[in-house]
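Beneath this line is the structure, given in structure tokens, with notes to follow.
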Amino acid sequence: MNTVSITDTTASDATVAMADRAMKMMRRLFPLCRSITGDGLRQTLRILAETVPQMQMIEIPSGTQVFDWTIPREWAIRDAYLADASGMRIVDFQKSNLHVVGYSVPVDRSMSFDELQQHLHSLPRLPDAIPYRTSYYKENWGFCMTQKQRDLLDPHATYHAFIDSELFCGSLSIGEARLPGDSGHEYLISTYCCHPSLANDNLSGPVVTALLYSQLAKRKLRHSYRFVFVPETIGAIAYCALYPEEVRGMTGGFVVTSCGGPGPIGMKESFVGDHLVDRAVRLALRDAGITPVIYPFVPDGSDERQYSSPGFRLPVTTISKDKYYEYDYYHTSLDNLDFVRGESLAGSIQLYLNAIEILENNRIVISLNPNCEAQLGRRGLYPQTGGALNPTKEEHGIIKNEVDVITWVLFLADGQQDLLSISERSGIPFPHVVAVTRKLHQHGLLEYIQDNAFE
Amino acid sequence: MNTVSITDTTASDATVAMADRAMKMMRRLFPLCRSITGDGLRQTLRILAETVPQMQMIEIPSGTQVFDWTIPREWAIRDAYLADASGMRIVDFQKSNLHVVGYSVPVDRSMSFDELQQHLHSLPRLPDAIPYRTSYYKENWGFCMTQKQRDLLDPHATYHAFIDSELFCGSLSIGEARLPGDSGHEYLISTYCCHPSLANDNLSGPVVTALLYSQLAKRKLRHSYRFVFVPETIGAIAYCALYPEEVRGMTGGFVVTSCGGPGPIGMKESFVGDHLVDRAVRLALRDAGITPVIYPFVPDGSDERQYSSPGFRLPVTTISKDKYYEYDYYHTSLDNLDFVRGESLAGSIQLYLNAIEILENNRIVISLNPNCEAQLGRRGLYPQTGGALNPTKEEHGIIKNEVDVITWVLFLADGQQDLLSISERSGIPFPHVVAVTRKLHQHGLLEYIQDNAFE
Amino acid sequence: MNTVSITDTTASDATVAMADRAMKMMRRLFPLCRSITGDGLRQTLRILAETVPQMQMIEIPSGTQVFDWTIPREWAIRDAYLADASGMRIVDFQKSNLHVVGYSVPVDRSMSFDELQQHLHSLPRLPDAIPYRTSYYKENWGFCMTQKQRDLLDPHATYHAFIDSELFCGSLSIGEARLPGDSGHEYLISTYCCHPSLANDNLSGPVVTALLYSQLAKRKLRHSYRFVFVPETIGAIAYCALYPEEVRGMTGGFVVTSCGGPGPIGMKESFVGDHLVDRAVRLALRDAGITPVIYPFVPDGSDERQYSSPGFRLPVTTISKDKYYEYDYYHTSLDNLDFVRGESLAGSIQLYLNAIEILENNRIVISLNPNCEAQLGRRGLYPQTGGALNPTKEEHGIIKNEVDVITWVLFLADGQQDLLSISERSGIPFPHVVAVTRKLHQHGLLEYIQDNAFE
């Protein structure tokens, strides 16, 4: 069985190529007008399916009951603008899909400045940014504009609001793909793709998820991974309602979002805090030399709210680079293609891959030579002249040569501890623990418990 | 069912009124010559009974065996003085009851300065203070005086010691009142009232306890509360000996003492350290914005020594303001009515009330909508325009709006966590958690476990 | 039953005498050429046996299989030197036994400077030190020399290497002595004695172990102690292979090594970290006012690698003074009799004795007066005048008078806590806890659980 090769996170040709590939996908997907339903969402899923060829499309009809919620009508929008009395367009949907409040009902009439006010949204703190607003569950319409645009409006003038939209019985779209393994463990990798032209939150999520899929699909996997592309909240709820036993049966998961910004790397912990998925992510970060901003679990956030709810209690973590809520441009037109970076996206992919590699390679090990230490010398595993400190120690005063790794693994291999614990306790990078364990297995010094198909 | 209303600790008319009431009681009770038995104690209990009308008086005859102890003879004192050869009174019981060592046997004779020495007590470190001394279990007599008074004595003079006291077969007095609830849980609120004219330690204790009673008596209570007014040590032991099963059956308790000084608020932890009563007190303090001085449990202290002893192991905490042992004037005549403050007494009452309110309102809750989150919008519990950070967050970057509270409560309401835990974990003030939980209950979104008579 | 008397670690006549005795043993043993087998080891054991008269010698023949290892051939060496073409000895075994790589095979021939290089060992960082090197499990030979000596060699010259050694079927020697107690608990005290003229690591180990034996042998002991003197690694493995059930049946142990240097006192924790032996050592150090350098367990180190291996899992700690690996002169000729100090050796003996005293005196206690506190006054255990802070508190504000100790012990004596826990929690020195407990036992106030033969 081939397993994930040991990788690092230093910039390499592969990383640069991945960064380019990620940014190409970002640029292609960015302009689409996504919402929680509709053709923008569908087109997005279709483009992602080029990278995730096994993606199944699930369409859930409007009106379907999903737990406490009802699938809403589908939303379509063709054009929208706010014009002055002369017909000049002040804000124009064709220039930015953020100008229209998501799920706006149709409107086509003139009104006073005063009447218009309740339908306008702007951000005084960022006068050049168009805010992102929606009204999914209350019939309404509105325009979002920069504060500068808004300040130019004439309180005594009349304006024409035009939104050519439609709300109709259609369906909500979900994309799903599964990479099967035979360990009996399945992990969820969920992302949402319902935001219009917003780059970090949230286009980075589906792009990184799709590329993660493409990387894992090349490998034979021990565990199963279920990739889910949903509109946020309602989509995750619908997915849980469709597949409740599958979600409950999973071991853990990741919600991939806002991982392409220029800011610090963060980790949102699962509600458990020290679940296997938390420990895998923490170790991947430690081994990459990264001290992340830790976001302890709060039930506010993204779709972990659904997956971890009392009825499911699936532990879910998130690796972020400029986490939602935490950066100035969050949910504004400034969260655009200039804000995100290819190397951030590639770095996030690599960190998720490393965390998954930890899950893939984690085994409980048991020494076949439990009584005292093994004679490493006659197996060619020990320096032949004794007495000296090992060279690494003499130079650095730290533990990291192979004998130390061997000693730690064999000492802890009592049939109760797994490689993750051994890496945590010893401070030795997980890939080194795996490599040395494999060598010890080849020398007949230890055995894997539960599952011997390690190689 | 009416429950404790949500209160805060800011100065209000009610607080001012409570401070006045407390100080009035202090002034009336202060002059009485209390001891572990006798009429001073009985009069004190009778005055407290005006505030605690249901108070039962328990009289335990001298000579009664209570565990390892014997109820001592009753002590009465009519007059006492130390006079010089001219008959001039140097110290006079009529001026301060602290001048006589508690439980002094009668004396009426002249003696030399030298012989007198072993019967005198003064405090070099506080030359203006009369120390407080007792000799309950060894027949003795003595005078306490200021160091300044003592320094004026003439080593060559003869002095006349006169103490008109009596030790006789009488009884030890305990006051007891119980506020019943039907939860099956009972809490002990114990205070001691055996010190003569000493204000913070300990007159503040019985005054705050009586007023606490008067406040709780106005309300319908879920739990039962047993108020016990005893002479310290021997009284608590006698109470435990009279009602061993009752004490063992209680859930937790408070020993109310030294809570009226000008100094910092403190909390003495129970021997368990994180028992429900510790957590309730800690949360009441946290929600009031108070960082208390923490006194980890030591078996030295007050009557928790008895209630928490191996045979009973009742967890007991104390909220203090100038805790016994910790302030300069402790057990001296300077711990007088000038030392204590009405607002300190009122503040301590409020903190105890808030802690009890936490116990009263604490319930395990279970979501009736466990699968994914509830659709709050259609219940009018959610803002209708999505995308924006909630106003509080935009302004302060912190969690405190109602949606956040709702989300926390429903997320944690898995039938295993109580409101106390939810408040601790979320950082949301307990009264907010309670108010939101009530609202969610009204909307049919959650249920109380074990006891549905929440309102 | 006589128990260990309460001792302290201040310099006393006894300490000075012990320091002298230890240094005398050091000086006598230092010159011997020890290795993992051979007469140097045997002579060392014989000299130690003068202090440990009950020592049994165990000889294990070469070729014996011990778990994964084979007992090697015995090594004898009579002479060795490296000479220049003129016959002048450049390094000479007669001057220092460190000059020859341990287990060198015989050699007697001339060779070029270049050929010689691979057989030479020196330390550039310590140009005046001869390093210590061995080659137990690969046939080889070599010389160790100072860097200064090596720098004087002529690259164009020819040198004569002469080693008159022998490897033959002999045996490996182990010394063992046991002090029996009847508690059913046995502790291991293991040391290694296979290094040639090296003082701190490791001659301090066997010297301190032997003197520890001599001190404990004077006393009646509750637990059993098994003293084992082995060559490091192979000797400990052989011992475990000979007595596997005995080692598995022990409660805990100590590996005594590198405890005579001038540097800081350290403690290497057991793999458990908070086992009884860890807690006993930590408490002994705390009570001596020592904050040790803590070395968390690593499987690198000394014979705890064997005793704590998965097949045995015996928790083992080490008290060190200049721990192996941690000091500059480690495994060099500068770790000589000038480096170690008598008072360090005596101090280490005392700390081990104190830790053992904790194990010896540790009992679970149960109050015979569990309900409320005992009336100490009528037993003469309490000051007769109440009200005052106790004198110690008035002076120092800290707990340490006898009433406080009594109160702590009786409060915690619920039949579940032992004296070790009581000392840890109360902060009261263990010997005070023991002394007070004994007094309370005499007064009939508590009982020892499991074993009443405390006195």
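By convention here, the chains of the structure tokens are called A, B, ... in the order presented, each chain's residues are numbered starting at 1, and ligands are numbered starting at 1 in the order presented.
Residues surrounding range 180-194 of chain C within 6 Å are Arg34, Ser35, Ile36, Gly205, Pro206, Leu221, Arg222, His223, Ser224, Tyr225, Arg226, Phe227, Val228, Phe229, Val230, Pro231, Glu232, Met250, Thr251, Gly252, Gly253, Phe254, Val255 and Val256 of chain C [only C-alpha atoms; sequence separation below 5 positions excluded].
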Exercise answer, chain B residues close to chain C, 7 Å and only C-alpha atoms, as a ChimeraX atom specification: /B:67-69,132-135,138,237,299-300,305-307,309-312,331
DSSP helix (DSSP H, G or I) selection over range 161-257 of chain C, as a VMD selection string: chain C and resid 199 to 217 234 to 242 244 to 249
Would you list the contacts of Asp335 in chain B as an MDAnalysis selection string, taking every protein, DNA or RNA residue within 9 Å and counting only C-alpha atoms, but skipping same-chain residues closer than 2 positions in sequence? chainID B and resid 197:201 261 328:333 337:340
Hey, can you spit out that residue selection with N, CA, C and O atoms as a JSON list (two decimals), in the first residue's frame?
```json
[["chain", "number", "residue", "atom", "x", "y", "z"],
["B", 197, "SER", "N", -17.93, 42.90, 71.46],
["B", 197, "SER", "CA", -18.01, 44.08, 70.61],
["B", 197, "SER", "C", -16.91, 44.11, 69.56],
["B", 197, "SER", "O", -15.94, 44.86, 69.66],
["B", 198, "LEU", "N", -17.07, 43.28, 68.55],
["B", 198, "LEU", "CA", -16.15, 43.22, 67.41],
["B", 198, "LEU", "C", -17.01, 43.24, 66.15],
["B", 198, "LEU", "O", -17.89, 42.41, 65.99],
["B", 199, "ALA", "N", -16.74, 44.18, 65.26],
["B", 199, "ALA", "CA", -17.71, 44.48, 64.20],
["B", 199, "ALA", "C", -17.56, 43.61, 62.97],
["B", 199, "ALA", "O", -18.52, 42.98, 62.51],
["B", 200, "ASN", "N", -16.36, 43.57, 62.39],
["B", 200, "ASN", "CA", -16.22, 42.83, 61.14],
["B", 200, "ASN", "C", -16.17, 41.34, 61.43],
["B", 200, "ASN", "O", -16.96, 40.57, 60.90],
["B", 201, "ASP", "N", -15.21, 40.95, 62.28],
["B", 201, "ASP", "CA", -15.20, 39.57, 62.77],
["B", 201, "ASP", "C", -15.61, 39.61, 64.23],
["B", 201, "ASP", "O", -14.79, 39.86, 65.09],
["B", 261, "GLY", "N", -15.77, 44.78, 55.94],
["B", 261, "GLY", "CA", -14.64, 45.69, 56.05],
["B", 261, "GLY", "C", -14.45, 46.56, 54.81],
["B", 261, "GLY", "O", -15.17, 46.42, 53.82],
["B", 328, "ASP", "N", -5.26, 44.19, 59.95],
["B", 328, "ASP", "CA", -4.52, 44.59, 61.15],
["B", 328, "ASP", "C", -5.37, 44.61, 62.41],
["B", 328, "ASP", "O", -4.89, 44.27, 63.49],
["B", 329, "TYR", "N", -6.62, 45.03, 62.27],
["B", 329, "TYR", "CA", -7.45, 45.24, 63.46],
["B", 329, "TYR", "C", -8.15, 43.97, 63.92],
["B", 329, "TYR", "O", -8.95, 44.01, 64.86],
["B", 330, "TYR", "N", -7.89, 42.86, 63.22],
["B", 330, "TYR", "CA", -8.50, 41.58, 63.56],
["B", 330, "TYR", "C", -8.41, 41.29, 65.06],
["B", 330, "TYR", "O", -7.34, 41.38, 65.66],
["B", 331, "HIS", "N", -9.54, 40.97, 65.66],
["B", 331, "HIS", "CA", -9.62, 40.60, 67.08],
["B", 331, "HIS", "C", -9.04, 41.67, 68.02],
["B", 331, "HIS", "O", -8.34, 41.36, 68.98],
["B", 332, "THR", "N", -9.34, 42.93, 67.66],
["B", 332, "THR", "CA", -8.99, 44.03, 68.57],
["B", 332, "THR", "C", -10.16, 45.00, 68.61],
["B", 332, "THR", "O", -11.06, 44.98, 67.76],
["B", 333, "SER", "N", -10.08, 45.90, 69.59],
["B", 333, "SER", "CA", -11.14, 46.89, 69.76],
["B", 333, "SER", "C", -11.23, 47.87, 68.58],
["B", 333, "SER", "O", -12.19, 48.62, 68.48],
["B", 337, "LEU", "N", -17.34, 49.83, 64.95],
["B", 337, "LEU", "CA", -18.34, 50.31, 63.99],
["B", 337, "LEU", "C", -17.77, 51.32, 63.00],
["B", 337, "LEU", "O", -18.38, 51.58, 61.95],
["B", 338, "ASP", "N", -16.61, 51.90, 63.33],
["B", 338, "ASP", "CA", -15.97, 52.77, 62.35],
["B", 338, "ASP", "C", -15.27, 51.99, 61.25],
["B", 338, "ASP", "O", -14.99, 52.52, 60.18],
["B", 339, "PHE", "N", -14.93, 50.74, 61.58],
["B", 339, "PHE", "CA", -14.18, 49.93, 60.61],
["B", 339, "PHE", "C", -15.09, 49.39, 59.51],
["B", 339, "PHE", "O", -14.72, 49.35, 58.34],
["B", 340, "VAL", "N", -16.28, 48.94, 59.88],
["B", 340, "VAL", "CA", -17.17, 48.34, 58.87],
["B", 340, "VAL", "C", -17.97, 49.42, 58.14],
["B", 340, "VAL", "O", -18.09, 50.54, 58.60]]
```
Neighbour list for Thr158 in chain A as a PyMOL selection string, cut-off 9 Å, only C-alpha atoms, skip fewer than 3 positions in-chain: chain A and resi 84-85+110-113+154-155
Using all heavy atoms, can you export the residues from the last selection as a PDB file, in the first residue's frame?
```
ATOM      1  N   ASP A  84     -30.283  57.837 -11.367  1.00  0.00           N
ATOM      2  CA  ASP A  84     -30.846  59.121 -10.956  1.00  0.00           C
ATOM      3  C   ASP A  84     -31.924  59.536 -11.944  1.00  0.00           C
ATOM      4  O   ASP A  84     -32.253  58.774 -12.882  1.00  0.00           O
ATOM      5  CB  ASP A  84     -29.740  60.166 -10.802  1.00  0.00           C
ATOM      6  CG  ASP A  84     -29.032  60.460 -12.116  1.00  0.00           C
ATOM      7  OD1 ASP A  84     -29.561  60.086 -13.195  1.00  0.00           O
ATOM      8  OD2 ASP A  84     -27.929  61.045 -12.057  1.00  0.00           O
ATOM      9  N   ALA A  85     -32.462  60.692 -11.750  1.00  0.00           N
ATOM     10  CA  ALA A  85     -33.598  61.126 -12.570  1.00  0.00           C
ATOM     11  C   ALA A  85     -33.222  61.187 -14.047  1.00  0.00           C
ATOM     12  O   ALA A  85     -34.062  60.957 -14.937  1.00  0.00           O
ATOM     13  CB  ALA A  85     -34.091  62.502 -12.092  1.00  0.00           C
ATOM     14  N   SER A 110     -39.582  54.459  -9.201  1.00  0.00           N
ATOM     15  CA  SER A 110     -38.895  55.645  -8.688  1.00  0.00           C
ATOM     16  C   SER A 110     -39.351  55.917  -7.269  1.00  0.00           C
ATOM     17  O   SER A 110     -40.479  55.568  -6.882  1.00  0.00           O
ATOM     18  CB  SER A 110     -39.229  56.857  -9.561  1.00  0.00           C
ATOM     19  OG  SER A 110     -38.651  56.679 -10.846  1.00  0.00           O
ATOM     20  N   MET A 111     -38.458  56.538  -6.523  1.00  0.00           N
ATOM     21  CA  MET A 111     -38.820  56.842  -5.132  1.00  0.00           C
ATOM     22  C   MET A 111     -37.929  57.978  -4.632  1.00  0.00           C
ATOM     23  O   MET A 111     -36.894  58.305  -5.240  1.00  0.00           O
ATOM     24  CB  MET A 111     -38.656  55.613  -4.250  1.00  0.00           C
ATOM     25  CG  MET A 111     -37.254  55.123  -4.138  1.00  0.00           C
ATOM     26  SD  MET A 111     -37.211  53.488  -3.392  1.00  0.00           S
ATOM     27  CE  MET A 111     -37.888  52.501  -4.718  1.00  0.00           C
ATOM     28  N   SER A 112     -38.375  58.528  -3.530  1.00  0.00           N
ATOM     29  CA  SER A 112     -37.626  59.649  -2.958  1.00  0.00           C
ATOM     30  C   SER A 112     -36.353  59.146  -2.277  1.00  0.00           C
ATOM     31  O   SER A 112     -36.234  57.951  -1.968  1.00  0.00           O
ATOM     32  CB  SER A 112     -38.505  60.352  -1.914  1.00  0.00           C
ATOM     33  OG  SER A 112     -38.641  59.499  -0.792  1.00  0.00           O
ATOM     34  N   PHE A 113     -35.437  60.044  -2.067  1.00  0.00           N
ATOM     35  CA  PHE A 113     -34.211  59.751  -1.314  1.00  0.00           C
ATOM     36  C   PHE A 113     -34.553  59.127   0.041  1.00  0.00           C
ATOM     37  O   PHE A 113     -33.950  58.141   0.457  1.00  0.00           O
ATOM     38  CB  PHE A 113     -33.444  61.071  -1.114  1.00  0.00           C
ATOM     39  CG  PHE A 113     -32.236  60.959  -0.230  1.00  0.00           C
ATOM     40  CD1 PHE A 113     -30.990  60.615  -0.758  1.00  0.00           C
ATOM     41  CD2 PHE A 113     -32.338  61.206   1.141  1.00  0.00           C
ATOM     42  CE1 PHE A 113     -29.884  60.514   0.075  1.00  0.00           C
ATOM     43  CE2 PHE A 113     -31.228  61.105   1.966  1.00  0.00           C
ATOM     44  CZ  PHE A 113     -29.997  60.756   1.422  1.00  0.00           C
ATOM     45  N   ASP A 154     -28.363  62.965  -3.582  1.00  0.00           N
ATOM     46  CA  ASP A 154     -29.006  64.259  -3.304  1.00  0.00           C
ATOM     47  C   ASP A 154     -30.295  64.018  -2.508  1.00  0.00           C
ATOM     48  O   ASP A 154     -31.225  63.380  -3.015  1.00  0.00           O
ATOM     49  CB  ASP A 154     -29.308  64.941  -4.646  1.00  0.00           C
ATOM     50  CG  ASP A 154     -30.050  66.254  -4.440  1.00  0.00           C
ATOM     51  OD1 ASP A 154     -30.402  66.595  -3.286  1.00  0.00           O
ATOM     52  OD2 ASP A 154     -30.306  66.930  -5.457  1.00  0.00           O
ATOM     53  N   PRO A 155     -30.378  64.516  -1.290  1.00  0.00           N
ATOM     54  CA  PRO A 155     -31.543  64.261  -0.424  1.00  0.00           C
ATOM     55  C   PRO A 155     -32.853  64.759  -1.021  1.00  0.00           C
ATOM     56  O   PRO A 155     -33.930  64.351  -0.589  1.00  0.00           O
ATOM     57  CB  PRO A 155     -31.216  65.032   0.860  1.00  0.00           C
ATOM     58  CG  PRO A 155     -29.746  65.228   0.837  1.00  0.00           C
ATOM     59  CD  PRO A 155     -29.347  65.306  -0.598  1.00  0.00           C
TER      60      PRO A 155
END
```
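Take CA of Glu357 in chain A and CA of Arg279 in chain A: the distance between them is 12.4 Å.
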Residues flagged strand (DSSP E or B) by DSSP in range 280-403 of chain C, as a tab-separated table (two decimals) with N, CA and C atoms, in the first residue's frame:
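Saved to part-v1.tsv:
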```tsv
chain	number	residue	atom	x	y	z
C	293	VAL	N	16.85	21.25	38.96
C	293	VAL	CA	16.67	21.25	37.52
C	293	VAL	C	15.85	20.01	37.19
C	294	ILE	N	14.73	20.19	36.54
C	294	ILE	CA	13.89	19.03	36.22
C	294	ILE	C	14.23	18.52	34.82
C	295	TYR	N	14.55	17.25	34.75
C	295	TYR	CA	14.75	16.61	33.46
C	295	TYR	C	13.56	15.69	33.21
C	316	VAL	N	11.27	4.76	37.42
C	316	VAL	CA	12.60	4.96	37.99
C	316	VAL	C	12.95	6.44	37.90
C	317	THR	N	13.49	6.98	38.98
C	317	THR	CA	13.95	8.38	38.94
C	317	THR	C	15.43	8.45	39.30
C	318	THR	N	16.01	9.60	39.04
C	318	THR	CA	17.42	9.84	39.34
C	318	THR	C	17.59	11.22	39.95
C	319	ILE	N	18.31	11.29	41.06
C	319	ILE	CA	18.74	12.58	41.60
C	319	ILE	C	20.17	12.80	41.12
C	320	SER	N	20.43	13.93	40.52
C	320	SER	CA	21.77	14.15	39.97
C	320	SER	C	22.39	15.43	40.49
C	321	LYS	N	23.69	15.44	40.46
C	321	LYS	CA	24.43	16.69	40.71
C	321	LYS	C	25.46	16.73	39.60
C	332	THR	N	35.11	12.67	29.87
C	332	THR	CA	36.50	13.04	29.56
C	332	THR	C	37.34	12.87	30.82
C	364	ILE	N	-1.49	5.53	54.76
C	364	ILE	CA	-2.84	6.09	54.72
C	364	ILE	C	-3.33	6.18	56.16
C	365	VAL	N	-3.89	7.31	56.52
C	365	VAL	CA	-4.34	7.49	57.91
C	365	VAL	C	-5.85	7.77	57.94
C	366	ILE	N	-6.45	7.37	59.01
C	366	ILE	CA	-7.89	7.60	59.18
C	366	ILE	C	-8.15	8.13	60.59
C	367	SER	N	-8.88	9.20	60.62
C	367	SER	CA	-9.19	9.82	61.90
C	367	SER	C	-10.14	8.92	62.69
C	386	GLY	N	-7.66	31.55	73.96
C	386	GLY	CA	-8.09	31.70	72.57
C	386	GLY	C	-8.11	33.15	72.13
```
Would you list the contacts of Leu345 in chain C as a PyMOL selection string, taking every protein, DNA or RNA residue within 7 Å and counting only C-alpha atoms, but skipping same-chain residues closer than 6 positions in sequence? chain C and resi 19+22+208+259-260
Using only C-alpha atoms, the shortest atom-to-atom distance to Trp141 in chain A among A:Gln442, A:Ser104, A:Gln417, A:Ser165 belongs to A:Ser104
What separation in Å, quoted to one decimal, exists between CA of Ser344 in chain A and CA of Thr37 in chain A? 28.7 Å
